[in-house]
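Enquirer: Next comes data-v7.txt, compact mmCIF, C-alpha atoms:
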# COMPACT_ATOMS: atom_id res chain seq x y z
CA MET U 1137 27.28 -8.50 4.51
CA ALA U 1138 25.72 -5.02 4.30
CA VAL U 1139 27.93 -4.02 1.36
CA ARG U 1140 27.08 -7.19 -0.55
CA TYR U 1141 23.36 -6.72 0.18
CA LEU U 1142 23.39 -3.14 -1.16
CA ALA U 1143 25.29 -4.18 -4.25
CA ALA U 1144 22.81 -6.95 -4.94
CA LEU U 1145 19.89 -4.59 -4.43
CA MET U 1146 21.19 -2.11 -7.01
CA CYS U 1147 22.27 -4.81 -9.48
CA GLY U 1148 19.21 -7.01 -9.37
CA THR U 1149 19.55 -8.40 -12.89
CA CYS U 1150 22.43 -10.61 -11.78
CA LEU U 1151 20.28 -12.38 -9.18
CA THR U 1152 18.00 -15.37 -9.40
CA VAL U 1153 14.24 -14.87 -9.39
CA VAL U 1154 12.41 -17.67 -7.62
CA ALA U 1155 9.31 -19.28 -9.08
CA PRO U 1156 6.02 -17.52 -8.21
CA ALA U 1157 5.14 -20.01 -5.49
CA ALA U 1158 8.34 -19.18 -3.65
CA GLN U 1159 8.11 -15.40 -3.84
CA ALA U 1160 8.93 -13.64 -0.56
CA GLN U 1161 6.42 -11.64 1.42
CA ASP U 1162 7.94 -8.21 1.10
CA SER U 1163 8.07 -7.09 -2.52
CA HIS U 1164 4.41 -6.06 -2.71
CA ASP U 1165 4.40 -6.60 -6.47
CA HIS U 1166 1.26 -8.70 -6.34
CA ARG U 1167 0.41 -11.00 -9.21
CA PRO U 1168 -1.56 -14.25 -9.10
CA ALA U 1169 0.47 -17.23 -7.96
CA PRO U 1170 0.25 -20.29 -10.20
CA ASP U 1171 -0.03 -22.60 -7.20
CA ALA U 1172 -2.02 -20.35 -4.87
CA HIS U 1173 -4.82 -22.94 -4.71
CA ALA U 1174 -2.49 -25.40 -3.01
CA GLU U 1175 -2.86 -26.37 0.64
CA HIS U 1176 -2.44 -23.41 2.98
CA ASP U 1177 0.06 -25.13 5.26
CA MET U 1178 3.15 -24.83 3.13
CA SER U 1179 5.69 -24.62 5.94
CA ALA U 1180 7.58 -27.68 4.79
CA ASP U 1181 7.87 -26.59 1.16
CA THR U 1182 11.04 -24.95 -0.08
CA GLN U 1183 12.56 -24.18 -3.42
CA PRO U 1184 16.20 -23.28 -4.14
CA ALA U 1185 16.66 -19.51 -4.25
CA ASP U 1186 20.10 -19.82 -5.81
CA PRO U 1187 21.40 -23.14 -7.10
CA HIS U 1188 24.97 -21.96 -6.51
CA ALA U 1189 24.33 -20.91 -2.91
CA GLY U 1190 22.74 -24.17 -1.79
CA HIS U 1191 20.19 -22.15 0.19
CA ALA U 1192 16.44 -22.83 0.33
CA MET U 1193 13.88 -20.05 -0.01
CA PRO U 1194 10.95 -20.54 2.42
CA MET U 1195 7.49 -20.48 0.84
CA THR U 1196 5.54 -19.45 3.92
CA SER U 1197 4.79 -16.01 5.32
CA VAL U 1198 7.24 -14.32 7.65
CA LEU U 1199 4.38 -14.11 10.17
CA GLY U 1200 3.02 -17.66 10.12
CA ALA U 1201 2.48 -20.96 8.30
CA TRP U 1202 0.24 -19.69 5.51
CA PRO U 1203 1.20 -18.91 1.89
CA MET U 1204 3.43 -15.86 1.64
CA THR U 1205 1.20 -14.69 -1.21
CA ARG U 1206 -1.40 -13.76 1.43
CA ASP U 1207 0.79 -11.03 2.94
CA ALA U 1208 0.49 -7.43 1.77
CA SER U 1209 1.76 -4.11 3.18
CA GLY U 1210 2.59 -3.97 6.88
CA THR U 1211 0.75 -6.89 8.47
CA SER U 1212 -2.33 -6.68 6.23
CA TRP U 1213 -3.72 -9.57 4.17
CA GLN U 1214 -4.77 -10.00 0.55
CA PRO U 1215 -6.18 -13.08 -1.27
CA ASP U 1216 -3.93 -16.14 -1.42
CA THR U 1217 -4.19 -16.01 -5.23
CA SER U 1218 -1.92 -12.93 -5.19
CA GLU U 1219 1.81 -13.14 -5.82
CA HIS U 1220 4.88 -11.24 -4.71
CA GLY U 1221 7.50 -10.53 -7.34
CA GLY U 1222 11.05 -9.82 -6.30
CA ILE U 1223 14.68 -10.74 -6.73
CA HIS U 1224 15.62 -13.38 -4.17
CA TRP U 1225 18.82 -14.90 -2.94
CA GLY U 1226 20.25 -16.50 0.18
CA GLU U 1227 23.46 -16.30 2.16
CA GLY U 1228 24.60 -17.57 5.53
CA GLY U 1229 21.19 -18.81 6.64
CA TRP U 1230 19.43 -15.58 5.61
CA SER U 1231 16.98 -15.08 2.74
CA PHE U 1232 17.07 -11.71 0.97
CA MET U 1233 14.67 -9.91 -1.36
CA ALA U 1234 14.90 -6.74 -3.46
CA HIS U 1235 12.38 -4.95 -5.66
CA ALA U 1236 12.02 -1.47 -7.20
CA THR U 1237 9.44 0.51 -9.18
CA PHE U 1238 9.92 3.97 -10.71
CA ASP U 1239 7.22 6.04 -12.46
CA LEU U 1240 7.94 9.20 -14.45
CA VAL U 1241 4.51 10.86 -14.62
CA HIS U 1242 3.00 13.95 -16.26
CA SER U 1243 -0.21 15.07 -14.54
CA ASP U 1244 -2.59 17.51 -16.24
CA GLN U 1245 -5.57 18.52 -14.07
CA GLY U 1246 -8.27 20.71 -15.66
CA GLY U 1247 -10.56 23.47 -14.41
CA PRO U 1248 -9.78 26.67 -12.46
CA ARG U 1249 -8.05 24.71 -9.72
CA GLY U 1250 -6.11 22.47 -12.07
CA ASP U 1251 -2.37 22.45 -12.68
CA THR U 1252 0.28 20.47 -14.57
CA LYS U 1253 3.47 18.83 -13.36
CA THR U 1254 5.98 16.16 -14.34
CA PHE U 1255 7.35 14.18 -11.40
CA LEU U 1256 9.09 10.99 -10.30
CA ALA U 1257 7.43 8.55 -7.90
CA GLY U 1258 8.04 4.97 -6.83
CA MET U 1259 9.77 2.86 -4.20
CA ILE U 1260 12.79 0.64 -3.52
CA MET U 1261 12.26 -2.27 -1.14
CA GLY U 1262 14.42 -4.88 0.47
CA SER U 1263 14.15 -7.48 3.22
CA ALA U 1264 16.24 -9.98 5.14
CA ARG U 1265 14.64 -13.08 6.68
CA ARG U 1266 15.95 -15.74 9.10
CA ASP U 1267 14.05 -18.97 9.88
CA PHE U 1268 14.86 -21.03 12.96
CA ALA U 1269 14.51 -24.71 13.83
CA ASP U 1270 11.65 -24.07 16.28
CA GLY U 1271 9.52 -22.61 13.46
CA SER U 1272 10.02 -18.98 14.44
CA THR U 1273 10.98 -16.30 11.91
CA VAL U 1274 12.70 -12.91 12.09
CA ASN U 1275 12.21 -10.47 9.21
CA LEU U 1276 13.79 -7.05 8.62
CA ARG U 1277 12.27 -4.83 5.96
CA GLY U 1278 13.15 -1.46 4.48
CA MET U 1279 11.43 0.72 1.87
CA ILE U 1280 12.44 4.14 0.54
CA SER U 1281 10.83 6.44 -2.02
CA PRO U 1282 12.02 9.08 -4.51
CA ASP U 1283 8.81 11.07 -3.85
CA PRO U 1284 10.56 13.91 -1.93
CA LEU U 1285 12.32 14.85 -5.17
CA MET U 1286 8.98 16.08 -6.57
CA GLY U 1287 8.95 18.94 -4.03
CA LYS U 1288 7.00 19.56 -0.84
CA GLU U 1289 3.78 20.47 -2.70
CA GLY U 1290 3.54 17.04 -4.30
CA TYR U 1291 1.66 16.77 -7.58
CA PRO U 1292 -1.69 18.19 -8.83
CA LEU U 1293 -4.66 15.89 -8.19
CA LEU U 1294 -8.16 17.35 -8.10
CA LEU U 1295 -10.28 16.67 -4.97
CA ALA U 1296 -7.32 15.33 -2.98
CA ALA U 1297 -6.49 16.93 0.37
CA GLY U 1298 -4.27 16.13 3.32
CA GLU U 1299 -1.02 17.10 5.06
CA THR U 1300 0.92 20.33 4.40
CA ALA U 1301 3.82 21.62 2.32
CA ASP U 1302 5.04 24.35 4.65
CA GLY U 1303 3.60 23.64 8.10
CA ALA U 1304 1.12 26.51 7.77
CA THR U 1305 -1.28 25.84 4.88
CA PRO U 1306 -3.02 22.58 3.89
CA LEU U 1307 -2.44 20.81 0.60
CA VAL U 1308 -5.69 20.89 -1.41
CA ASP U 1309 -6.16 19.52 -4.94
CA ARG U 1310 -2.67 18.07 -4.61
CA GLN U 1311 -1.33 14.70 -3.48
CA HIS U 1312 1.44 15.03 -0.91
CA PRO U 1313 4.77 13.27 -1.52
CA HIS U 1314 5.60 10.26 0.60
CA ASP U 1315 8.55 10.42 2.95
CA LEU U 1316 11.98 9.15 1.91
CA PHE U 1317 11.71 6.42 4.54
CA MET U 1318 8.43 4.63 3.91
CA GLU U 1319 9.17 1.65 6.14
CA LEU U 1320 11.94 0.47 8.47
CA SER U 1321 10.49 -2.48 10.33
CA ALA U 1322 11.21 -5.76 12.09
CA SER U 1323 8.93 -8.68 12.92
CA TYR U 1324 9.13 -11.89 14.92
CA ALA U 1325 6.63 -14.74 14.56
CA ARG U 1326 6.35 -18.08 16.35
CA PRO U 1327 3.91 -21.00 16.02
CA VAL U 1328 2.18 -22.03 19.25
CA THR U 1329 0.13 -24.97 17.91
CA ASP U 1330 -0.35 -26.69 14.55
CA ARG U 1331 -3.08 -24.13 13.74
CA ASP U 1332 -2.07 -21.04 15.73
CA SER U 1333 0.75 -18.53 15.63
CA VAL U 1334 1.57 -15.22 17.26
CA PHE U 1335 3.68 -12.34 15.98
CA VAL U 1336 5.13 -8.95 16.88
CA TYR U 1337 5.79 -6.18 14.34
CA VAL U 1338 7.53 -2.84 15.04
CA GLY U 1339 8.30 -0.02 12.65
CA LEU U 1340 9.89 3.44 12.56
CA PRO U 1341 8.20 4.07 10.23
CA GLY U 1342 5.74 1.25 9.79
CA GLU U 1343 2.06 0.49 9.16
CA PRO U 1344 -0.41 -0.15 12.01
CA ALA U 1345 -3.28 -2.63 11.91
CA PHE U 1346 -5.89 -0.49 10.18
CA GLY U 1347 -7.64 -0.64 6.81
CA PRO U 1348 -6.94 -2.65 3.66
CA PRO U 1349 -3.42 -2.91 2.20
CA ALA U 1350 -2.00 0.47 1.24
CA PHE U 1351 -3.06 1.53 -2.27
CA MET U 1352 0.37 1.19 -3.90
CA HIS U 1353 0.45 -2.45 -2.74
CA ARG U 1354 -3.09 -3.50 -3.75
CA MET U 1355 -3.26 -5.47 -6.99
CA SER U 1356 -6.43 -3.59 -7.92
CA ALA U 1357 -4.65 -0.21 -7.59
CA MET U 1358 -0.92 -0.62 -8.06
CA ALA U 1359 -0.95 -0.31 -11.89
CA SER U 1360 -2.24 3.28 -11.60
CA PRO U 1361 0.18 6.13 -10.77
CA GLU U 1362 -2.71 8.17 -9.33
CA ALA U 1363 -3.28 8.19 -5.57
CA PRO U 1364 -6.92 7.59 -4.50
CA ILE U 1365 -8.78 10.57 -3.03
CA THR U 1366 -9.99 8.08 -0.37
CA HIS U 1367 -6.39 7.69 0.81
CA HIS U 1368 -6.99 9.56 4.09
CA TRP U 1369 -10.10 7.49 4.82
CA LEU U 1370 -8.60 4.06 4.17
CA ASP U 1371 -4.83 3.81 4.40
CA SER U 1372 -3.09 7.12 5.21
CA THR U 1373 -1.50 5.43 8.26
CA HIS U 1374 0.73 3.30 6.02
CA ILE U 1375 3.66 5.58 6.86
CA THR U 1376 3.54 6.03 10.64
CA PHE U 1377 6.55 7.09 12.69
CA GLY U 1378 6.19 4.63 15.52
CA VAL U 1379 4.23 1.36 15.36
CA ALA U 1380 4.07 -1.70 17.62
CA THR U 1381 1.66 -4.49 16.61
CA VAL U 1382 0.89 -7.84 18.22
CA GLY U 1383 -1.26 -10.42 16.49
CA TRP U 1384 -2.72 -13.90 16.73
CA VAL U 1385 -3.58 -16.09 13.74
CA ARG U 1386 -5.66 -19.25 13.62
CA ASP U 1387 -5.79 -20.78 10.16
CA ASP U 1388 -7.50 -18.17 7.94
CA PHE U 1389 -8.46 -15.71 10.71
CA LYS U 1390 -6.22 -13.00 12.15
CA LEU U 1391 -6.78 -10.61 15.07
CA GLU U 1392 -4.24 -7.86 15.77
CA THR U 1393 -3.87 -4.61 17.66
CA SER U 1394 -1.42 -1.72 17.31
CA ALA U 1395 -0.12 1.18 19.35
CA PHE U 1396 1.13 3.93 17.05
CA ARG U 1397 1.85 7.63 16.57
CA GLY U 1398 -1.34 9.35 15.41
CA ARG U 1399 0.22 12.44 13.83
CA GLU U 1400 0.68 12.25 10.07
CA PRO U 1401 4.19 12.95 8.70
CA ASP U 1402 5.18 16.63 8.60
CA GLN U 1403 6.50 18.62 5.66
CA ASP U 1404 10.11 17.48 6.19
CA ARG U 1405 10.14 14.38 3.97
CA TYR U 1406 13.73 13.31 4.75
CA ASP U 1407 13.68 12.92 8.54
CA ILE U 1408 12.55 10.26 11.00
CA GLU U 1409 10.08 11.64 13.54
CA SER U 1410 9.72 10.74 17.22
CA PRO U 1411 7.77 7.53 17.90
CA ASP U 1412 5.09 8.81 20.32
CA LEU U 1413 2.67 5.88 20.70
CA ASP U 1414 -0.45 7.89 21.54
CA SER U 1415 -3.03 6.07 19.36
CA TRP U 1416 -4.26 2.51 18.93
CA SER U 1417 -6.16 0.29 16.52
CA VAL U 1418 -7.59 -3.20 16.16
CA ARG U 1419 -8.21 -5.21 12.99
CA ALA U 1420 -9.84 -8.56 12.24
CA SER U 1421 -9.00 -10.24 8.91
CA TRP U 1422 -10.47 -13.34 7.31
CA ASN U 1423 -9.58 -15.17 4.11
CA PRO U 1424 -12.56 -17.51 3.62
CA SER U 1425 -11.15 -18.88 0.35
CA PRO U 1426 -7.99 -18.39 -1.76
CA GLU U 1427 -9.78 -15.74 -3.87
CA TRP U 1428 -11.14 -13.56 -1.04
CA SER U 1429 -9.72 -11.36 1.73
CA LEU U 1430 -11.97 -9.45 4.16
CA GLN U 1431 -11.14 -7.05 6.98
CA VAL U 1432 -12.79 -4.72 9.48
CA SER U 1433 -10.81 -2.31 11.62
CA TRP U 1434 -11.16 0.54 14.11
CA ALA U 1435 -8.71 3.18 15.33
CA ASP U 1436 -8.53 5.91 17.95
CA VAL U 1437 -6.17 8.49 16.45
CA THR U 1438 -4.69 11.35 18.46
CA ALA U 1439 -4.21 14.67 16.62
CA PRO U 1440 -3.67 13.22 13.12
CA GLU U 1441 -3.49 16.63 11.40
CA GLN U 1442 -0.51 18.86 12.02
CA LEU U 1443 -2.55 22.03 11.37
CA GLU U 1444 -5.31 21.03 13.84
CA PRO U 1445 -3.37 19.57 16.78
CA ASP U 1446 -6.36 19.76 19.15
CA GLU U 1447 -8.60 17.54 17.00
CA ASP U 1448 -8.65 13.78 17.54
CA GLU U 1449 -10.42 11.20 15.36
CA THR U 1450 -11.89 7.76 15.51
CA ARG U 1451 -11.78 5.79 12.27
CA MET U 1452 -13.53 2.71 10.97
CA SER U 1453 -12.82 0.69 7.86
CA ALA U 1454 -14.15 -2.40 6.09
CA SER U 1455 -13.01 -3.92 2.82
CA ALA U 1456 -13.32 -6.95 0.58
CA ILE U 1457 -10.71 -7.96 -2.00
CA HIS U 1458 -11.34 -10.57 -4.68
CA THR U 1459 -8.57 -11.85 -6.95
CA ARG U 1460 -8.91 -14.62 -9.50
CA ARG U 1461 -6.61 -16.17 -12.07
CA LEU U 1462 -7.24 -15.99 -15.80
CA GLY U 1463 -5.39 -18.75 -17.60
CA ASP U 1464 -1.70 -19.25 -16.94
CA ALA U 1465 -0.56 -15.62 -16.71
CA GLY U 1466 -3.70 -13.47 -16.40
CA TRP U 1467 -5.53 -12.16 -13.34
CA TRP U 1468 -8.39 -9.93 -12.26
CA SER U 1469 -8.42 -8.17 -8.88
CA THR U 1470 -11.17 -6.00 -7.37
CA THR U 1471 -11.37 -4.10 -4.07
CA LEU U 1472 -14.45 -2.61 -2.41
CA ALA U 1473 -13.60 -0.48 0.61
CA TRP U 1474 -15.31 1.93 3.01
CA GLY U 1475 -13.84 4.23 5.62
CA ALA U 1476 -15.27 6.72 8.10
CA LYS U 1477 -13.62 9.49 10.14
CA THR U 1478 -15.39 10.95 13.21
CA ASN U 1479 -13.94 14.04 14.92
CA ASP U 1480 -14.32 15.34 18.47
CA HIS U 1481 -17.57 17.09 17.50
CA ASP U 1482 -19.17 13.77 16.45
CA GLU U 1483 -19.08 14.79 12.80
CA THR U 1484 -18.59 11.75 10.56
CA LYS U 1485 -17.23 11.85 7.02
CA ASN U 1486 -17.47 8.73 4.86
CA GLY U 1487 -15.41 7.57 1.91
CA TRP U 1488 -16.09 4.73 -0.56
CA ALA U 1489 -13.84 3.18 -3.18
CA LEU U 1490 -14.44 0.52 -5.83
CA GLU U 1491 -11.40 -0.31 -7.92
CA SER U 1492 -10.50 -3.10 -10.31
CA ALA U 1493 -7.55 -4.13 -12.47
CA LEU U 1494 -7.51 -6.73 -15.24
CA SER U 1495 -4.32 -8.23 -16.66
CA PRO U 1496 -5.13 -10.78 -19.40
CA ASP U 1497 -1.42 -11.58 -19.88
CA ASP U 1498 2.02 -10.37 -18.76
CA ARG U 1499 1.92 -7.39 -21.15
CA TRP U 1500 -1.29 -5.40 -20.62
CA THR U 1501 -3.04 -4.17 -17.46
CA LEU U 1502 -6.34 -2.27 -17.60
CA PHE U 1503 -7.47 -0.46 -14.44
CA GLY U 1504 -10.34 1.67 -13.16
CA ARG U 1505 -11.56 3.24 -9.94
CA TYR U 1506 -14.73 4.92 -8.64
CA GLU U 1507 -14.57 6.99 -5.43
CA ARG U 1508 -16.98 9.07 -3.40
CA ILE U 1509 -16.06 11.11 -0.32
CA GLU U 1510 -17.65 13.50 2.13
CA THR U 1511 -15.06 16.23 2.71
CA ASP U 1512 -14.80 19.62 4.39
CA GLU U 1513 -11.21 20.30 3.30
CA LEU U 1514 -11.74 21.61 -0.24
CA VAL U 1515 -12.85 25.13 0.75
CA ALA U 1516 -11.44 26.77 3.89
CA GLY U 1517 -13.83 28.01 6.54
CA HIS U 1518 -14.01 31.57 7.84
CA GLY U 1519 -10.74 32.29 9.58
CA GLY U 1520 -9.13 29.18 8.09
CA GLY U 1521 -9.45 25.53 8.94
CA HIS U 1522 -12.08 23.18 7.58
CA GLY U 1523 -15.12 24.63 5.84
CA ASP U 1524 -18.48 23.33 4.62
CA LEU U 1525 -19.06 19.64 3.96
CA TYR U 1526 -19.40 18.53 0.33
CA THR U 1527 -19.88 15.16 -1.35
CA VAL U 1528 -17.65 14.76 -4.41
CA SER U 1529 -16.76 11.80 -6.60
CA LYS U 1530 -14.17 10.68 -9.12
CA VAL U 1531 -13.93 8.04 -11.87
CA SER U 1532 -10.56 7.05 -13.36
CA VAL U 1533 -9.76 4.58 -16.15
CA GLY U 1534 -6.41 3.70 -17.69
CA ALA U 1535 -4.03 1.12 -19.09
CA VAL U 1536 -0.33 0.25 -19.08
CA ARG U 1537 1.67 -1.85 -21.57
CA GLU U 1538 4.89 -3.49 -20.37
CA TRP U 1539 7.87 -5.13 -22.09
CA GLU U 1540 10.62 -7.26 -20.59
CA VAL U 1541 13.79 -5.38 -21.52
CA ARG U 1542 16.16 -7.77 -19.76
CA PRO U 1543 15.92 -10.47 -17.08
CA ASN U 1544 14.28 -9.05 -13.94
CA ALA U 1545 13.57 -5.68 -15.61
CA ARG U 1546 10.35 -4.47 -17.27
CA PHE U 1547 9.59 -1.18 -19.01
CA GLY U 1548 6.05 0.15 -19.33
CA VAL U 1549 4.08 2.99 -20.95
CA GLY U 1550 0.63 3.99 -19.71
CA ALA U 1551 -2.05 6.63 -19.45
CA LEU U 1552 -5.24 7.37 -17.50
CA TYR U 1553 -8.20 9.73 -17.69
CA SER U 1554 -10.19 11.02 -14.69
CA MET U 1555 -13.65 12.56 -14.49
CA ASN U 1556 -14.42 14.54 -11.33
CA SER U 1557 -17.93 15.36 -10.14
CA VAL U 1558 -18.64 18.25 -7.75
CA PRO U 1559 -21.93 19.75 -6.49
CA ALA U 1560 -23.28 22.94 -8.08
CA ALA U 1561 -22.10 24.93 -5.07
CA LEU U 1562 -18.48 24.21 -6.10
CA ASP U 1563 -18.88 25.05 -9.80
CA SER U 1564 -17.36 28.47 -9.26
CA GLU U 1565 -14.30 26.84 -7.69
CA TYR U 1566 -13.79 23.88 -10.01
CA GLY U 1567 -15.93 24.51 -13.05
CA PRO U 1568 -18.59 21.93 -14.02
CA ASP U 1569 -17.18 18.41 -13.71
CA PRO U 1570 -13.48 19.09 -14.36
CA ASP U 1571 -11.34 16.31 -15.77
CA GLY U 1572 -7.73 15.23 -15.44
CA SER U 1573 -5.21 12.96 -17.14
CA MET U 1574 -1.83 11.35 -16.61
CA VAL U 1575 0.71 9.78 -18.93
CA PHE U 1576 3.63 7.83 -17.53
CA VAL U 1577 6.58 5.55 -18.20
CA ARG U 1578 7.52 2.85 -15.72
CA LEU U 1579 10.57 0.78 -14.84
CA ARG U 1580 10.17 -2.25 -12.61
CA LEU U 1581 13.03 -4.36 -11.26
CA ASN U 1582 11.68 -7.67 -9.94
With the file now loaded, output its structure as C-alpha cells.
Expert:
Amino acid sequence: MAVRYLAALMCGTCLTVVAPAAQAQDSHDHRPAPDAHAEHDMSADTQPADPHAGHAMPMTSVLGAWPMTRDASGTSWQPDTSEHGGIHWGEGGWSFMAHATFDLVHSDQGGPRGDTKTFLAGMIMGSARRDFADGSTVNLRGMISPDPLMGKEGYPLLLAAGETADGATPLVDRQHPHDLFMELSASYARPVTDRDSVFVYVGLPGEPAFGPPAFMHRMSAMASPEAPITHHWLDSTHITFGVATVGWVRDDFKLETSAFRGREPDQDRYDIESPDLDSWSVRASWNPSPEWSLQVSWADVTAPEQLEPDEDETRMSASAIHTRRLGDAGWWSTTLAWGAKTNDHDETKNGWALESALSPDDRWTLFGRYERIETDELVAGHGGGHGDLYTVSKVSVGAVREWEVRPNARFGVGALYSMNSVPAALDSEYGPDPDGSMVFVRLRLN
C-alpha cells in the first residue's frame, strides 16, 4: 500500500482529478467551488474518484458534515466558496489525495540592507482518509517542503524578522526557511447529533488552533511567493512540533482548544523536535454565509523565541475572509487580519494585514497586500536582543500567468514589486523607503 501511494504521489498525471465539489480537504489549493452555494449538509453526497476503482470520494470535511471546501490549514476554516485542488483516488476503502507546488524565485531587495538570492520553495502534500458506517472519519496527512535547500539563512525580505540561522543570531530582513516536515498529523471526527460533531487533531508537527489559515494556504495570499512580514503575528505557529486539538462544531460555528509546544522550530530544518506541550490556545470560528469566514483566537505561548528562552508571550488574533465567485471560473478573495503579541513586560506589538487576490479566469491571478507592524527586532538593543520599537509598513503587488502543460500539471510565470516604508529614524539603516522585487516560475501538480 505504502509503495503504491508513493508512486501515485510522484506520478500524479496518471490519476483522476475529481470535480471541484468533490475535492478533498487537504490539498490547500483553494479555488472557488462551482457548487459551494449548495446545502451545507453534504454528508450523503459522493462522486466516483476513479471509475475503474469503484470507490466513492466523500464530499464532506474530514472533521464534520460541512463542505470540505470550508477546511483550510490545520483545523482552520475559510469560506465555503473556496475549493481544494488535488489528485484523488481510492483503494481498499481509503480515499487518497496528492498535491504539489514548486516555486523557483529570484528575490532582489533594495537599500543598504538589501540582498539578492535565487531559491526554491514550495510543498508536497498527501493524505489518506477512511470513513466509517457510524459517520466517523479518520484522516492522516503529511506535508514536506524543499525550503531547507535554500540554506539556513532563508531568502532576503526587507522588514521580516524571526527565528535564527545558527542558534546565536536572529534572522533580520530575511524570511526563514520552513522545515522539511511541515505537517505529520492525524485526526478523528465523529457526529454526536444531526447538527453537532466533535473532533481530535494531533500533529508532530501540526498547526494549533490560533489565527487565520497559514499564509501559503489562504486564497488571498497563496499566489504570491513572498511571505508576509505579519507572519509572526498571525500564523507562525503553523509548523509546531507537538499539537493536540479538540473541537466542537455546531452547524457554522466551531470552538476548539489546543495544547502545543510554544518554541518555534530551531535552525536544524531536517529534524523532528520533542513535543513539549507547554502552551495552549483557543479559537472560535464562524461562517455566517458561504462567502465569509470569521475567527478570533487567543494563545498563551511559552518561550517562543529560541534566543530569548525566558520570555513568554500571549497572543491575540482576529480575521475576516471574504471569497466570491466571478462567472464560471473566476474568483476574488480578500483577507483582513490583526494580531497582537504581549510579552512578560506587558509590552504589546500589533500587526495588521489586508490582502486580496483576483483571478478572472483559470489563467491570470492578480494579487496585492498591505501590512503594518510594530516591531523591535529590526535594530538590536545595547548588548544584543530586541531594541527600540518602530512602526513600519509594506505594500506588494504582483501577477502570475499559468498554462496547463498536461493533465493535472500547470506551469506559471509571475512577478511582484514591494514598497517598504520606514520612519526617518531608520533611514540610515534602510535608506528612504527601499523597494524590493521578485520574479518566479511555478509548477503545480493538482
Enquirer: Taking all atoms of range 1394-1399 of chain U that the file lists and extending 8 Å past them on each side, where is the centre of the axis-aligned box and how long are its edges? Answer in Å to one decimal, as JSON.
Expert:
{"center_x": 0.2, "center_y": 5.4, "center_z": 16.6, "size_x": 19.3, "size_y": 30.2, "size_z": 21.5}
Enquirer: Just the residues within 7 Å of Asp1512 in chain U, please, counting all atoms listed in the file, with nothing from its chain fewer than 3 positions along; format it as a list in words.
Expert: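 Final neighbour list, sorted by chain and number: Val1515, His1522, Gly1523, Asp1524, Leu1525 and Tyr1526 of chain U.
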Enquirer: Identify, on the basis of only C-alpha atoms, every residue whose closest approach to range 1559-1564 of chain U does not exceed 8 Å; exclude the query and any residue fewer than 2 positions from it along the same chain; express the result as a list in words.
Expert: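 Residues near the query, excluding close chain neighbours: Tyr1526, Thr1527, Val1528, Ser1557, Tyr1566, Gly1567, Pro1568 and Asp1569 of chain U.
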Enquirer: Name the closest residue to Ser1212 in chain U among the candidates U:Ile1375, U:Ala1345, U:Leu1490, U:Val1536; distances are taken between atoms, counting only C-alpha atoms.
Expert: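 Of the candidates, the smallest distance to Ser1212 in chain U is held by U:Ala1345.
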Enquirer: For Val1328 in chain U, which residue out of U:Asp1436, U:Glu1219, U:Asp1270, U:Glu1507 is the nearest one, using only C-alpha atoms?
Expert: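 Comparing U:Asp1436, U:Glu1219, U:Asp1270, U:Glu1507 against Val1328 in chain U, the winner is U:Asp1270.
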Enquirer: Extract, using all atoms listed in the file, all DNA, RNA and protein residues at most 9 Å from range 1467-1480 of chain U, discarding same-chain residues fewer than 4 positions from it, and format them as a compact mmCIF listing (two decimals) with C-alpha atoms, in the frame of the given file.
Expert:
# COMPACT_ATOMS: atom_id res chain seq x y z
CA ARG U 1167 0.41 -11.00 -9.21
CA PRO U 1168 -1.56 -14.25 -9.10
CA SER U 1218 -1.92 -12.93 -5.19
CA GLY U 1347 -7.64 -0.64 6.81
CA PRO U 1348 -6.94 -2.65 3.66
CA ARG U 1354 -3.09 -3.50 -3.75
CA MET U 1355 -3.26 -5.47 -6.99
CA SER U 1356 -6.43 -3.59 -7.92
CA ALA U 1357 -4.65 -0.21 -7.59
CA THR U 1366 -9.99 8.08 -0.37
CA HIS U 1368 -6.99 9.56 4.09
CA TRP U 1369 -10.10 7.49 4.82
CA LEU U 1370 -8.60 4.06 4.17
CA GLU U 1447 -8.60 17.54 17.00
CA ASP U 1448 -8.65 13.78 17.54
CA GLU U 1449 -10.42 11.20 15.36
CA THR U 1450 -11.89 7.76 15.51
CA ARG U 1451 -11.78 5.79 12.27
CA MET U 1452 -13.53 2.71 10.97
CA SER U 1453 -12.82 0.69 7.86
CA ALA U 1454 -14.15 -2.40 6.09
CA SER U 1455 -13.01 -3.92 2.82
CA ALA U 1456 -13.32 -6.95 0.58
CA ILE U 1457 -10.71 -7.96 -2.00
CA HIS U 1458 -11.34 -10.57 -4.68
CA THR U 1459 -8.57 -11.85 -6.95
CA ARG U 1460 -8.91 -14.62 -9.50
CA ARG U 1461 -6.61 -16.17 -12.07
CA LEU U 1462 -7.24 -15.99 -15.80
CA GLY U 1463 -5.39 -18.75 -17.60
CA THR U 1484 -18.59 11.75 10.56
CA LYS U 1485 -17.23 11.85 7.02
CA ASN U 1486 -17.47 8.73 4.86
CA GLY U 1487 -15.41 7.57 1.91
CA TRP U 1488 -16.09 4.73 -0.56
CA ALA U 1489 -13.84 3.18 -3.18
CA LEU U 1490 -14.44 0.52 -5.83
CA GLU U 1491 -11.40 -0.31 -7.92
CA SER U 1492 -10.50 -3.10 -10.31
CA ALA U 1493 -7.55 -4.13 -12.47
CA LEU U 1494 -7.51 -6.73 -15.24
CA SER U 1495 -4.32 -8.23 -16.66
CA PRO U 1496 -5.13 -10.78 -19.40
CA ASP U 1497 -1.42 -11.58 -19.88
Enquirer: Rounded to one decimal place, report the CA of Gln1311 in chain U-CA of Ser1429 in chain U distance in Å.
Expert: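 Separating CA of Gln1311 in chain U from CA of Ser1429 in chain U is a distance of 27.9 Å.
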Enquirer: Between U:Phe1346, U:Tyr1406, U:Trp1225, U:Trp1428, which is the closest to Phe1317 in chain U once you count all atoms listed in the file?
Expert: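 Counting all atoms listed in the file, the residue closest to Phe1317 in chain U is U:Tyr1406.
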Enquirer: Calculated over all atoms listed in the file, which of the candidates U:Arg1505, U:Arg1542, U:Arg1277, U:Arg1397 has the smallest distance to Ala1264 in chain U?
Expert: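 Looking only at the distances to Ala1264 in chain U, the closest residue turns out to be U:Arg1277.
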Enquirer: Between CA of Tyr1553 in chain U and CA of Ser1532 in chain U, what is the distance, to one decimal in Å?
Expert: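 Going from CA of Tyr1553 in chain U over to CA of Ser1532 in chain U, I get 5.6 Å.
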Enquirer: Go through U:Ser1529, U:Ser1433, U:Ser1333, U:Gln1245 and flag the residue nearest Gly1200 in chain U, using all atoms listed in the file for the distances.
Expert: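 Looking at the shortest contact to Gly1200 in chain U, the residue is U:Ser1333.
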